[in-house]
Amino acid sequence: MSLPRGADFKPPWALRSGHIQTMLSSSGIRSFLLPKAAHKVREGAQDVMVEGGPGIRLSGAYTAQSTGRASRGLAVLFHGWEGSVDSTYVLQTGSRLLDEGWDIFRLNFRDHGDSHPLNESLFHSCRIDEVVHAVGDIARRWPSRCMALAGFSLGGNFALRVGMRAPAEGIPLDYTLAVCPIIDPAEGLFSLEKEAPWFYHAYFMQKWRRSLRMKQNAFPNQQYFELAELKQNMRDLTRSLVLRHTDFDSLESYLEGYSVAGDRLRGMTLPATIFTAEDDPVIPIGAFRQLTLPSNIELDIAAHGGHCGFIRGWDMTSFTDEYITARFNAIADA
């Protein structure tokens, strides 16, 4: 049986716009219209803490499958920037995989969801060490015959970097899949500021400012930012926080620190898939076309789908569920 491809995604004309796909992907409308089954992964889920290294705790949720058959394996899911384990796309994908016999672990990155009080230092996108360590802890505590990882947007970028490092770290990861991942952060930041419609920038900034205020409230004796800095645009606020809270000496070096552009993925030995859309208004498609990839990494670009949307119809379900599940099952069955 052949695996689904991006070319198979053909939404109705009313949902063909990349902007509509993107706006619906995380909207309250979608969450309301989704079938109840899309939230199944929350039933019986265990809220847990995993180690991200010495003194570092990350939160997550584990759900064991209950099909009555042996588990296919453990599926680990990463949300996007300012998302969480309860983001609609994470719940829907996790619920579909659960029905297919997978155990599910949904991981919160630092300062995402309600995890702001767990660690004093701020989240930033170069904190790959703690995410790799957390995935290793997950693998040890919930051993399985097969382990597969999927991430969305920034979570897709993290998933690719974890896939790069997993073999050397002794993590028994078998496959990784990235949906609309950030490839070149500098290009993506420029696009969000200059080329994407204004409301995307406003949407992300509103969520980020709210998250930063939650962090400040969790640690009132720390000063994470000046009040005036919260009024800055994304580029300037990012620069302020990078210079204040990281070892990077410039915004440019920080953005380079989590880039997977060009030939940076050439050394990956795990099988992997990068799935994105030509009409993604958030992540420029050019960076994907400029990737130099080994034969074990599949690059699949759909004509439509927006940013992490791929919504099939008015029931608000996503083609990514079928796409991810089919590839995870193929790895497990092999």
# chains A, B, ... in the order shown; residues from 1 in each chain; ligands from 1
$ residues_around --residues "Phe105 in chain A" --least-positions-apart "4" --cutoff "7 Å" --atoms "only C-alpha atoms" --output "list in words"
Gly60, Ala61, Tyr62, Thr63, Ala75, Val76 and Leu77 of chain A
$ write_last_selection --atoms "N, CA, C and O atoms" --output "PDB file, in the first residue's frame"
ATOM      1  N   GLY A  60       4.603  17.142  30.511  1.00  0.00           N
ATOM      2  CA  GLY A  60       4.038  16.431  29.370  1.00  0.00           C
ATOM      3  C   GLY A  60       2.838  15.618  29.785  1.00  0.00           C
ATOM      4  O   GLY A  60       2.400  15.655  30.941  1.00  0.00           O
ATOM      5  N   ALA A  61       2.293  14.892  28.827  1.00  0.00           N
ATOM      6  CA  ALA A  61       1.133  14.038  29.082  1.00  0.00           C
ATOM      7  C   ALA A  61       1.326  12.724  28.349  1.00  0.00           C
ATOM      8  O   ALA A  61       1.663  12.705  27.158  1.00  0.00           O
ATOM      9  N   TYR A  62       1.107  11.628  29.074  1.00  0.00           N
ATOM     10  CA  TYR A  62       1.255  10.283  28.509  1.00  0.00           C
ATOM     11  C   TYR A  62      -0.093   9.590  28.486  1.00  0.00           C
ATOM     12  O   TYR A  62      -0.822   9.577  29.488  1.00  0.00           O
ATOM     13  N   THR A  63      -0.430   9.004  27.342  1.00  0.00           N
ATOM     14  CA  THR A  63      -1.668   8.244  27.190  1.00  0.00           C
ATOM     15  C   THR A  63      -1.342   6.878  26.610  1.00  0.00           C
ATOM     16  O   THR A  63      -0.768   6.784  25.520  1.00  0.00           O
ATOM     17  N   ALA A  75       4.594   7.171  20.288  1.00  0.00           N
ATOM     18  CA  ALA A  75       4.608   8.355  19.438  1.00  0.00           C
ATOM     19  C   ALA A  75       4.805   9.582  20.319  1.00  0.00           C
ATOM     20  O   ALA A  75       4.038   9.806  21.251  1.00  0.00           O
ATOM     21  N   VAL A  76       5.831  10.355  20.040  1.00  0.00           N
ATOM     22  CA  VAL A  76       6.116  11.589  20.770  1.00  0.00           C
ATOM     23  C   VAL A  76       5.739  12.767  19.878  1.00  0.00           C
ATOM     24  O   VAL A  76       6.123  12.806  18.700  1.00  0.00           O
ATOM     25  N   LEU A  77       5.002  13.727  20.434  1.00  0.00           N
ATOM     26  CA  LEU A  77       4.506  14.859  19.649  1.00  0.00           C
ATOM     27  C   LEU A  77       5.002  16.171  20.240  1.00  0.00           C
ATOM     28  O   LEU A  77       4.927  16.397  21.448  1.00  0.00           O
TER      29      LEU A  77
END
$ residues_around --residues "Pro167 in chain A" --least-positions-apart "3" --cutoff "12 Å" --atoms "only C-alpha atoms" --output "PyMOL selection string"
chain A and resi 132+136+161-164+170-175+267-271
$ closest_residue --among "A:Pro4, A:Gly28, A:Gly52, A:Gly156" --to "Asp137 in chain A" --atoms "only C-alpha atoms"
A:Gly52
$ residues_around --residues "Glu252 in chain A" --least-positions-apart "2" --cutoff "10 Å" --atoms "only C-alpha atoms" --output "PyMOL selection string"
chain A and resi 185-186+239+242+248-250+254-257
$ closest_residue --among "A:Arg141, A:Lys40, A:His79, A:Arg327" --to "Thr176 in chain A" --atoms "only C-alpha atoms"
A:Arg327
$ atom_distance --atom1 "CA of Asp236 in chain A" --atom2 "CA of Leu251 in chain A"
8.9 Å
$ closest_atom_pairs --of "range 55-157 of chain A" --to "range 202-220 of chain A" --cutoff "10 Å" --atoms "only C-alpha atoms" --output "CSV"
residue,atom,partner,partner_atom,distance
A:Trp81,CA,A:Phe204,CA,8.6
A:Glu82,CA,A:Lys207,CA,6.5
A:Gly83,CA,A:Lys207,CA,9.1
A:Asp111,CA,A:Lys215,CA,7.2
A:His112,CA,A:Ser211,CA,7.7
A:Gly113,CA,A:Ser211,CA,9.0
A:Asp114,CA,A:Met214,CA,8.8
A:Ser115,CA,A:Lys215,CA,9.1
A:His116,CA,A:Lys215,CA,5.3
A:Pro117,CA,A:Ala218,CA,5.2
A:Leu118,CA,A:Ala218,CA,8.9
A:Asn119,CA,A:Phe219,CA,9.4
A:Glu120,CA,A:Phe219,CA,7.0
A:Ser121,CA,A:Lys215,CA,9.2
A:Leu122,CA,A:Lys215,CA,7.8
A:Phe123,CA,A:Leu212,CA,9.7
$ select_by_dssp --residues "range 73-287 of chain A" --states "helix (DSSP H, G or I)" --output "number ranges by chain"
A: 88-99, 116-118, 128-141, 154-169, 185-194, 198-218, 227-231, 234-245, 251-257, 286-287
$ closest_residue --among "A:Pro54, A:Gly80, A:Pro197, A:Pro143" --to "Asn157 in chain A" --atoms "only C-alpha atoms"
A:Gly80
$ residues_around --residues "Ser259 in chain A" --least-positions-apart "5" --cutoff "8 Å" --atoms "only C-alpha atoms" --output "NGL selection string"
:A and (182-185 or 264)
$ select_by_dssp --residues "range 22-61 of chain A" --states "strand (DSSP E)" --output "list in words"
Gln46, Asp47, Val48, Met49, Val50, Glu51, Gly52, Gly53, Ile56, Arg57, Leu58, Ser59, Gly60 and Ala61 of chain A
$ write_last_selection --atoms "N, CA, C and O atoms" --output "PDB file, in the first residue's frame"
ATOM      1  N   GLN A  46      -2.001  10.850  31.629  1.00  0.00           N
ATOM      2  CA  GLN A  46      -1.278  11.114  32.866  1.00  0.00           C
ATOM      3  C   GLN A  46      -0.415  12.366  32.685  1.00  0.00           C
ATOM      4  O   GLN A  46       0.401  12.421  31.771  1.00  0.00           O
ATOM      5  N   ASP A  47      -0.610  13.361  33.536  1.00  0.00           N
ATOM      6  CA  ASP A  47       0.274  14.525  33.532  1.00  0.00           C
ATOM      7  C   ASP A  47       1.569  14.130  34.237  1.00  0.00           C
ATOM      8  O   ASP A  47       1.543  13.647  35.374  1.00  0.00           O
ATOM      9  N   VAL A  48       2.692  14.322  33.561  1.00  0.00           N
ATOM     10  CA  VAL A  48       3.969  13.855  34.097  1.00  0.00           C
ATOM     11  C   VAL A  48       5.043  14.933  33.928  1.00  0.00           C
ATOM     12  O   VAL A  48       4.892  15.872  33.145  1.00  0.00           O
ATOM     13  N   MET A  49       6.138  14.770  34.664  1.00  0.00           N
ATOM     14  CA  MET A  49       7.329  15.591  34.523  1.00  0.00           C
ATOM     15  C   MET A  49       8.465  14.722  34.018  1.00  0.00           C
ATOM     16  O   MET A  49       8.612  13.573  34.450  1.00  0.00           O
ATOM     17  N   VAL A  50       9.234  15.259  33.106  1.00  0.00           N
ATOM     18  CA  VAL A  50      10.416  14.546  32.619  1.00  0.00           C
ATOM     19  C   VAL A  50      11.637  15.429  32.824  1.00  0.00           C
ATOM     20  O   VAL A  50      11.534  16.655  32.946  1.00  0.00           O
ATOM     21  N   GLU A  51      12.791  14.800  32.867  1.00  0.00           N
ATOM     22  CA  GLU A  51      14.040  15.523  33.108  1.00  0.00           C
ATOM     23  C   GLU A  51      14.577  16.103  31.806  1.00  0.00           C
ATOM     24  O   GLU A  51      14.661  15.410  30.791  1.00  0.00           O
ATOM     25  N   GLY A  52      14.943  17.374  31.874  1.00  0.00           N
ATOM     26  CA  GLY A  52      15.585  18.018  30.740  1.00  0.00           C
ATOM     27  C   GLY A  52      17.062  18.258  30.990  1.00  0.00           C
ATOM     28  O   GLY A  52      17.697  19.012  30.258  1.00  0.00           O
ATOM     29  N   GLY A  53      17.595  17.614  32.022  1.00  0.00           N
ATOM     30  CA  GLY A  53      18.974  17.826  32.441  1.00  0.00           C
ATOM     31  C   GLY A  53      18.984  18.164  33.922  1.00  0.00           C
ATOM     32  O   GLY A  53      17.926  18.255  34.562  1.00  0.00           O
ATOM     33  N   ILE A  56      16.403  20.649  35.556  1.00  0.00           N
ATOM     34  CA  ILE A  56      15.464  21.117  34.529  1.00  0.00           C
ATOM     35  C   ILE A  56      14.303  20.139  34.437  1.00  0.00           C
ATOM     36  O   ILE A  56      14.504  18.932  34.308  1.00  0.00           O
ATOM     37  N   ARG A  57      13.099  20.661  34.512  1.00  0.00           N
ATOM     38  CA  ARG A  57      11.900  19.828  34.407  1.00  0.00           C
ATOM     39  C   ARG A  57      11.029  20.325  33.262  1.00  0.00           C
ATOM     40  O   ARG A  57      10.799  21.523  33.118  1.00  0.00           O
ATOM     41  N   LEU A  58      10.560  19.396  32.462  1.00  0.00           N
ATOM     42  CA  LEU A  58       9.606  19.710  31.403  1.00  0.00           C
ATOM     43  C   LEU A  58       8.342  18.895  31.646  1.00  0.00           C
ATOM     44  O   LEU A  58       8.407  17.751  32.103  1.00  0.00           O
ATOM     45  N   SER A  59       7.212  19.479  31.347  1.00  0.00           N
ATOM     46  CA  SER A  59       5.942  18.792  31.583  1.00  0.00           C
ATOM     47  C   SER A  59       5.450  18.119  30.313  1.00  0.00           C
ATOM     48  O   SER A  59       5.827  18.478  29.195  1.00  0.00           O
ATOM     49  N   GLY A  60       4.603  17.142  30.511  1.00  0.00           N
ATOM     50  CA  GLY A  60       4.038  16.431  29.370  1.00  0.00           C
ATOM     51  C   GLY A  60       2.838  15.618  29.785  1.00  0.00           C
ATOM     52  O   GLY A  60       2.400  15.655  30.941  1.00  0.00           O
ATOM     53  N   ALA A  61       2.293  14.892  28.827  1.00  0.00           N
ATOM     54  CA  ALA A  61       1.133  14.038  29.082  1.00  0.00           C
ATOM     55  C   ALA A  61       1.326  12.724  28.349  1.00  0.00           C
ATOM     56  O   ALA A  61       1.663  12.705  27.158  1.00  0.00           O
TER      57      ALA A  61
END
$ atom_distance --atom1 "CA of Trp13 in chain A" --atom2 "CA of Leu177 in chain A"
27.6 Å
$ residues_around --residues "Lys194 in chain A" --least-positions-apart "2" --cutoff "12 Å" --atoms "only C-alpha atoms" --output "PyMOL selection string"
chain A and resi 187-192+196-201+233-235+281-282+284
$ write_last_selection --atoms "N, CA and C atoms" --output "mmCIF file, in the first residue's frame"
data_model
loop_
_atom_site.group_PDB
_atom_site.id
_atom_site.type_symbol
_atom_site.label_atom_id
_atom_site.label_comp_id
_atom_site.auth_asym_id
_atom_site.auth_seq_id
_atom_site.Cartn_x
_atom_site.Cartn_y
_atom_site.Cartn_z
ATOM 1 N N GLU A 187 15.268 34.016 7.817
ATOM 2 C CA GLU A 187 14.381 34.256 6.681
ATOM 3 C C GLU A 187 12.919 34.237 7.132
ATOM 4 N N GLY A 188 12.597 33.324 8.045
ATOM 5 C CA GLY A 188 11.230 33.239 8.540
ATOM 6 C C GLY A 188 10.818 34.479 9.311
ATOM 7 N N LEU A 189 11.738 35.011 10.123
ATOM 8 C CA LEU A 189 11.448 36.230 10.880
ATOM 9 C C LEU A 189 11.230 37.403 9.944
ATOM 10 N N PHE A 190 12.062 37.500 8.922
ATOM 11 C CA PHE A 190 11.909 38.581 7.953
ATOM 12 C C PHE A 190 10.577 38.461 7.227
ATOM 13 N N SER A 191 10.229 37.242 6.848
ATOM 14 C CA SER A 191 8.978 37.031 6.132
ATOM 15 C C SER A 191 7.773 37.394 6.984
ATOM 16 N N LEU A 192 7.808 37.009 8.261
ATOM 17 C CA LEU A 192 6.684 37.301 9.149
ATOM 18 C C LEU A 192 6.525 38.806 9.353
ATOM 19 N N ALA A 196 4.373 38.559 5.224
ATOM 20 C CA ALA A 196 3.097 37.983 5.652
ATOM 21 C C ALA A 196 2.135 39.098 6.060
ATOM 22 N N PRO A 197 0.830 38.893 5.911
ATOM 23 C CA PRO A 197 -0.142 39.893 6.378
ATOM 24 C C PRO A 197 0.076 40.242 7.844
ATOM 25 N N TRP A 198 -0.225 41.468 8.219
ATOM 26 C CA TRP A 198 0.075 42.006 9.552
ATOM 27 C C TRP A 198 -0.505 41.174 10.691
ATOM 28 N N PHE A 199 -1.657 40.523 10.437
ATOM 29 C CA PHE A 199 -2.328 39.854 11.546
ATOM 30 C C PHE A 199 -1.577 38.622 12.043
ATOM 31 N N TYR A 200 -0.689 38.026 11.225
ATOM 32 C CA TYR A 200 0.111 36.907 11.727
ATOM 33 C C TYR A 200 1.094 37.405 12.783
ATOM 34 N N HIS A 201 1.764 38.508 12.466
ATOM 35 C CA HIS A 201 2.701 39.095 13.416
ATOM 36 C C HIS A 201 1.967 39.476 14.702
ATOM 37 N N ASN A 233 8.552 45.305 18.292
ATOM 38 C CA ASN A 233 8.128 44.291 17.334
ATOM 39 C C ASN A 233 8.885 42.994 17.605
ATOM 40 N N MET A 234 8.574 41.958 16.834
ATOM 41 C CA MET A 234 9.141 40.636 17.097
ATOM 42 C C MET A 234 10.659 40.633 16.998
ATOM 43 N N ARG A 235 11.189 41.285 16.000
ATOM 44 C CA ARG A 235 12.640 41.287 15.819
ATOM 45 C C ARG A 235 13.340 41.966 17.001
ATOM 46 N N PRO A 281 1.977 30.771 4.441
ATOM 47 C CA PRO A 281 2.273 32.205 4.515
ATOM 48 C C PRO A 281 3.216 32.582 5.647
ATOM 49 N N VAL A 282 3.593 31.621 6.491
ATOM 50 C CA VAL A 282 4.434 31.896 7.656
ATOM 51 C C VAL A 282 5.881 31.481 7.410
ATOM 52 N N PRO A 284 8.658 30.624 4.614
ATOM 53 C CA PRO A 284 8.919 30.739 3.172
ATOM 54 C C PRO A 284 9.311 29.401 2.553
#
$ closest_residue --among "A:Cys308, A:Met147, A:Val260, A:Leu154" --to "Asp321 in chain A" --atoms "only C-alpha atoms"
A:Cys308
$ atom_distance --atom1 "CA of Leu149 in chain A" --atom2 "CA of Gly305 in chain A"
21.0 Å
$ residues_around --residues "Arg30 in chain A" --least-positions-apart "2" --cutoff "9 Å" --atoms "only C-alpha atoms" --output "ChimeraX atom specification"
/A:24-28,32-34,88,314-317
$ write_last_selection --atoms "N, CA and C atoms" --output "PDB file, in the first residue's frame"
ATOM      1  N   LEU A  24      -7.553  28.844  10.222  1.00  0.00           N
ATOM      2  CA  LEU A  24      -8.428  27.835  10.809  1.00  0.00           C
ATOM      3  C   LEU A  24      -7.667  26.817  11.651  1.00  0.00           C
ATOM      4  N   SER A  25      -6.390  26.632  11.362  1.00  0.00           N
ATOM      5  CA  SER A  25      -5.650  25.510  11.965  1.00  0.00           C
ATOM      6  C   SER A  25      -5.665  25.545  13.491  1.00  0.00           C
ATOM      7  N   SER A  26      -5.552  26.737  14.079  1.00  0.00           N
ATOM      8  CA  SER A  26      -5.534  26.841  15.543  1.00  0.00           C
ATOM      9  C   SER A  26      -6.702  27.655  16.084  1.00  0.00           C
ATOM     10  N   SER A  27      -7.746  27.805  15.290  1.00  0.00           N
ATOM     11  CA  SER A  27      -8.850  28.666  15.691  1.00  0.00           C
ATOM     12  C   SER A  27      -9.806  27.966  16.651  1.00  0.00           C
ATOM     13  N   GLY A  28     -10.517  28.765  17.417  1.00  0.00           N
ATOM     14  CA  GLY A  28     -11.559  28.232  18.287  1.00  0.00           C
ATOM     15  C   GLY A  28     -12.675  27.590  17.506  1.00  0.00           C
ATOM     16  N   PHE A  32     -14.102  23.812  18.116  1.00  0.00           N
ATOM     17  CA  PHE A  32     -15.520  23.580  18.393  1.00  0.00           C
ATOM     18  C   PHE A  32     -16.131  22.573  17.420  1.00  0.00           C
ATOM     19  N   LEU A  33     -15.733  22.652  16.151  1.00  0.00           N
ATOM     20  CA  LEU A  33     -16.349  21.816  15.126  1.00  0.00           C
ATOM     21  C   LEU A  33     -15.752  20.413  15.029  1.00  0.00           C
ATOM     22  N   LEU A  34     -14.552  20.232  15.580  1.00  0.00           N
ATOM     23  CA  LEU A  34     -13.915  18.924  15.468  1.00  0.00           C
ATOM     24  C   LEU A  34     -14.763  17.845  16.140  1.00  0.00           C
ATOM     25  N   THR A  88      -4.846  22.127  19.340  1.00  0.00           N
ATOM     26  CA  THR A  88      -5.795  21.326  18.559  1.00  0.00           C
ATOM     27  C   THR A  88      -5.095  20.313  17.674  1.00  0.00           C
ATOM     28  N   TRP A 314     -15.315  20.598   6.126  1.00  0.00           N
ATOM     29  CA  TRP A 314     -15.996  21.380   7.154  1.00  0.00           C
ATOM     30  C   TRP A 314     -16.078  20.677   8.507  1.00  0.00           C
ATOM     31  N   ASP A 315     -15.617  19.413   8.577  1.00  0.00           N
ATOM     32  CA  ASP A 315     -15.498  18.780   9.893  1.00  0.00           C
ATOM     33  C   ASP A 315     -14.198  19.184  10.586  1.00  0.00           C
ATOM     34  N   MET A 316     -13.359  19.964   9.892  1.00  0.00           N
ATOM     35  CA  MET A 316     -12.126  20.541  10.420  1.00  0.00           C
ATOM     36  C   MET A 316     -11.032  19.511  10.719  1.00  0.00           C
ATOM     37  N   THR A 317     -11.193  18.271  10.269  1.00  0.00           N
ATOM     38  CA  THR A 317     -10.124  17.294  10.446  1.00  0.00           C
ATOM     39  C   THR A 317      -8.997  17.592   9.461  1.00  0.00           C
TER      40      THR A 317
END
$ residues_around --residues "Phe78 in chain A" --least-positions-apart "3" --cutoff "8 Å" --atoms "only C-alpha atoms" --output "list in words"
Val85, Val90, Arg106, Leu107, Asn108, Phe109, Leu149, Ala150, Gly151, Phe152, Gly155, Gly156, Phe158 and Ala159 of chain A
$ write_last_selection --atoms "all heavy atoms" --output "mmCIF file, in the first residue's frame"
data_model
loop_
_atom_site.group_PDB
_atom_site.id
_atom_site.type_symbol
_atom_site.label_atom_id
_atom_site.label_comp_id
_atom_site.auth_asym_id
_atom_site.auth_seq_id
_atom_site.Cartn_x
_atom_site.Cartn_y
_atom_site.Cartn_z
ATOM 1 N N VAL A 85 0.710 21.033 24.757
ATOM 2 C CA VAL A 85 0.254 19.653 24.589
ATOM 3 C C VAL A 85 -1.239 19.589 24.276
ATOM 4 O O VAL A 85 -1.730 18.564 23.798
ATOM 5 C CB VAL A 85 0.552 18.809 25.847
ATOM 6 C CG1 VAL A 85 2.047 18.721 26.096
ATOM 7 C CG2 VAL A 85 -0.176 19.356 27.069
ATOM 8 N N VAL A 90 -2.183 18.960 17.955
ATOM 9 C CA VAL A 90 -1.526 17.907 18.743
ATOM 10 C C VAL A 90 -2.557 16.897 19.235
ATOM 11 O O VAL A 90 -2.351 15.677 19.154
ATOM 12 C CB VAL A 90 -0.750 18.520 19.927
ATOM 13 C CG1 VAL A 90 -0.195 17.423 20.823
ATOM 14 C CG2 VAL A 90 0.366 19.418 19.424
ATOM 15 N N ARG A 106 2.892 13.601 24.734
ATOM 16 C CA ARG A 106 2.861 14.988 24.262
ATOM 17 C C ARG A 106 3.749 15.817 25.197
ATOM 18 O O ARG A 106 3.504 15.866 26.391
ATOM 19 C CB ARG A 106 1.433 15.528 24.280
ATOM 20 C CG ARG A 106 0.483 14.809 23.330
ATOM 21 C CD ARG A 106 -0.974 15.236 23.545
ATOM 22 N NE ARG A 106 -1.558 14.623 24.739
ATOM 23 C CZ ARG A 106 -2.350 15.253 25.609
ATOM 24 N NH1 ARG A 106 -2.657 16.531 25.428
ATOM 25 N NH2 ARG A 106 -2.844 14.619 26.652
ATOM 26 N N LEU A 107 4.764 16.447 24.637
ATOM 27 C CA LEU A 107 5.739 17.179 25.444
ATOM 28 C C LEU A 107 5.518 18.681 25.335
ATOM 29 O O LEU A 107 5.350 19.210 24.236
ATOM 30 C CB LEU A 107 7.163 16.851 24.987
ATOM 31 C CG LEU A 107 8.295 17.560 25.743
ATOM 32 C CD1 LEU A 107 8.421 17.023 27.160
ATOM 33 C CD2 LEU A 107 9.622 17.423 24.991
ATOM 34 N N ASN A 108 5.524 19.359 26.473
ATOM 35 C CA ASN A 108 5.560 20.821 26.499
ATOM 36 C C ASN A 108 7.006 21.293 26.488
ATOM 37 O O ASN A 108 7.821 20.824 27.301
ATOM 38 C CB ASN A 108 4.907 21.362 27.780
ATOM 39 C CG ASN A 108 3.428 21.621 27.640
ATOM 40 O OD1 ASN A 108 2.940 22.032 26.587
ATOM 41 N ND2 ASN A 108 2.689 21.375 28.712
ATOM 42 N N PHE A 109 7.338 22.227 25.613
ATOM 43 C CA PHE A 109 8.613 22.898 25.740
ATOM 44 C C PHE A 109 8.577 23.796 26.980
ATOM 45 O O PHE A 109 7.510 24.133 27.496
ATOM 46 C CB PHE A 109 8.905 23.743 24.497
ATOM 47 C CG PHE A 109 9.038 22.946 23.230
ATOM 48 C CD1 PHE A 109 8.486 23.407 22.047
ATOM 49 C CD2 PHE A 109 9.721 21.748 23.216
ATOM 50 C CE1 PHE A 109 8.609 22.686 20.877
ATOM 51 C CE2 PHE A 109 9.857 21.009 22.053
ATOM 52 C CZ PHE A 109 9.293 21.474 20.872
ATOM 53 N N LEU A 149 8.681 10.256 16.249
ATOM 54 C CA LEU A 149 8.536 11.628 16.713
ATOM 55 C C LEU A 149 7.959 12.483 15.594
ATOM 56 O O LEU A 149 8.385 12.386 14.443
ATOM 57 C CB LEU A 149 9.918 12.160 17.124
ATOM 58 C CG LEU A 149 10.088 13.655 17.395
ATOM 59 C CD1 LEU A 149 9.223 14.099 18.565
ATOM 60 C CD2 LEU A 149 11.561 13.966 17.670
ATOM 61 N N ALA A 150 6.978 13.330 15.934
ATOM 62 C CA ALA A 150 6.441 14.297 14.975
ATOM 63 C C ALA A 150 6.346 15.654 15.644
ATOM 64 O O ALA A 150 5.964 15.760 16.810
ATOM 65 C CB ALA A 150 5.067 13.865 14.468
ATOM 66 N N GLY A 151 6.691 16.698 14.901
ATOM 67 C CA GLY A 151 6.611 18.055 15.424
ATOM 68 C C GLY A 151 6.028 18.994 14.394
ATOM 69 O O GLY A 151 6.118 18.759 13.191
ATOM 70 N N PHE A 152 5.442 20.078 14.892
ATOM 71 C CA PHE A 152 4.771 21.051 14.042
ATOM 72 C C PHE A 152 5.449 22.416 14.174
ATOM 73 O O PHE A 152 5.717 22.878 15.285
ATOM 74 C CB PHE A 152 3.299 21.180 14.449
ATOM 75 C CG PHE A 152 2.514 19.908 14.337
ATOM 76 C CD1 PHE A 152 2.571 18.945 15.333
ATOM 77 C CD2 PHE A 152 1.713 19.653 13.224
ATOM 78 C CE1 PHE A 152 1.845 17.766 15.239
ATOM 79 C CE2 PHE A 152 0.990 18.478 13.118
ATOM 80 C CZ PHE A 152 1.059 17.530 14.120
ATOM 81 N N GLY A 155 8.128 23.144 16.558
ATOM 82 C CA GLY A 155 8.269 21.765 17.024
ATOM 83 C C GLY A 155 8.839 20.860 15.953
ATOM 84 O O GLY A 155 9.547 19.889 16.259
ATOM 85 N N GLY A 156 8.556 21.148 14.690
ATOM 86 C CA GLY A 156 9.155 20.392 13.598
ATOM 87 C C GLY A 156 10.644 20.638 13.502
ATOM 88 O O GLY A 156 11.435 19.723 13.233
ATOM 89 N N PHE A 158 12.557 21.451 16.073
ATOM 90 C CA PHE A 158 13.115 20.689 17.193
ATOM 91 C C PHE A 158 13.158 19.196 16.860
ATOM 92 O O PHE A 158 14.117 18.502 17.199
ATOM 93 C CB PHE A 158 12.295 20.921 18.459
ATOM 94 C CG PHE A 158 12.770 22.061 19.302
ATOM 95 C CD1 PHE A 158 12.199 23.318 19.185
ATOM 96 C CD2 PHE A 158 13.794 21.891 20.221
ATOM 97 C CE1 PHE A 158 12.629 24.384 19.967
ATOM 98 C CE2 PHE A 158 14.238 22.939 21.012
ATOM 99 C CZ PHE A 158 13.657 24.194 20.882
ATOM 100 N N ALA A 159 12.113 18.676 16.214
ATOM 101 C CA ALA A 159 12.072 17.252 15.878
ATOM 102 C C ALA A 159 13.228 16.869 14.958
ATOM 103 O O ALA A 159 13.841 15.801 15.123
ATOM 104 C CB ALA A 159 10.733 16.912 15.226
#
$ closest_residue --among "A:Ala166, A:Val179, A:His124, A:Lys231" --to "Leu243 in chain A" --atoms "only C-alpha atoms"
A:His124
$ decode --residues "range 147-178 of chain A" --atoms "C-alpha atoms" --output "compact mmCIF listing (two decimals), in the first residue's frame"
# COMPACT_ATOMS: atom_id res chain seq x y z
CA MET A 147 9.60 5.14 18.83
CA ALA A 148 8.56 7.84 16.37
CA LEU A 149 8.54 11.63 16.71
CA ALA A 150 6.44 14.30 14.97
CA GLY A 151 6.61 18.05 15.42
CA PHE A 152 4.77 21.05 14.04
CA SER A 153 6.29 24.41 13.01
CA LEU A 154 8.97 25.24 15.62
CA GLY A 155 8.27 21.76 17.02
CA GLY A 156 9.15 20.39 13.60
CA ASN A 157 12.47 22.22 13.75
CA PHE A 158 13.12 20.69 17.19
CA ALA A 159 12.07 17.25 15.88
CA LEU A 160 14.66 17.42 13.10
CA ARG A 161 17.40 18.49 15.50
CA VAL A 162 16.47 15.72 17.94
CA GLY A 163 16.60 13.28 15.02
CA MET A 164 20.09 14.50 14.19
CA ARG A 165 21.37 13.89 17.71
CA ALA A 166 19.39 10.84 18.84
CA PRO A 167 21.77 8.08 17.60
CA ALA A 168 24.83 9.64 19.26
CA GLU A 169 22.85 10.13 22.49
CA GLY A 170 21.74 6.50 22.54
CA ILE A 171 18.06 7.40 22.14
CA PRO A 172 16.17 4.56 20.39
CA LEU A 173 14.33 6.86 17.99
CA ASP A 174 13.30 5.15 14.75
CA TYR A 175 11.78 7.98 12.71
CA THR A 176 11.04 11.70 12.82
CA LEU A 177 8.53 13.78 10.88
CA ALA A 178 8.36 17.59 10.68
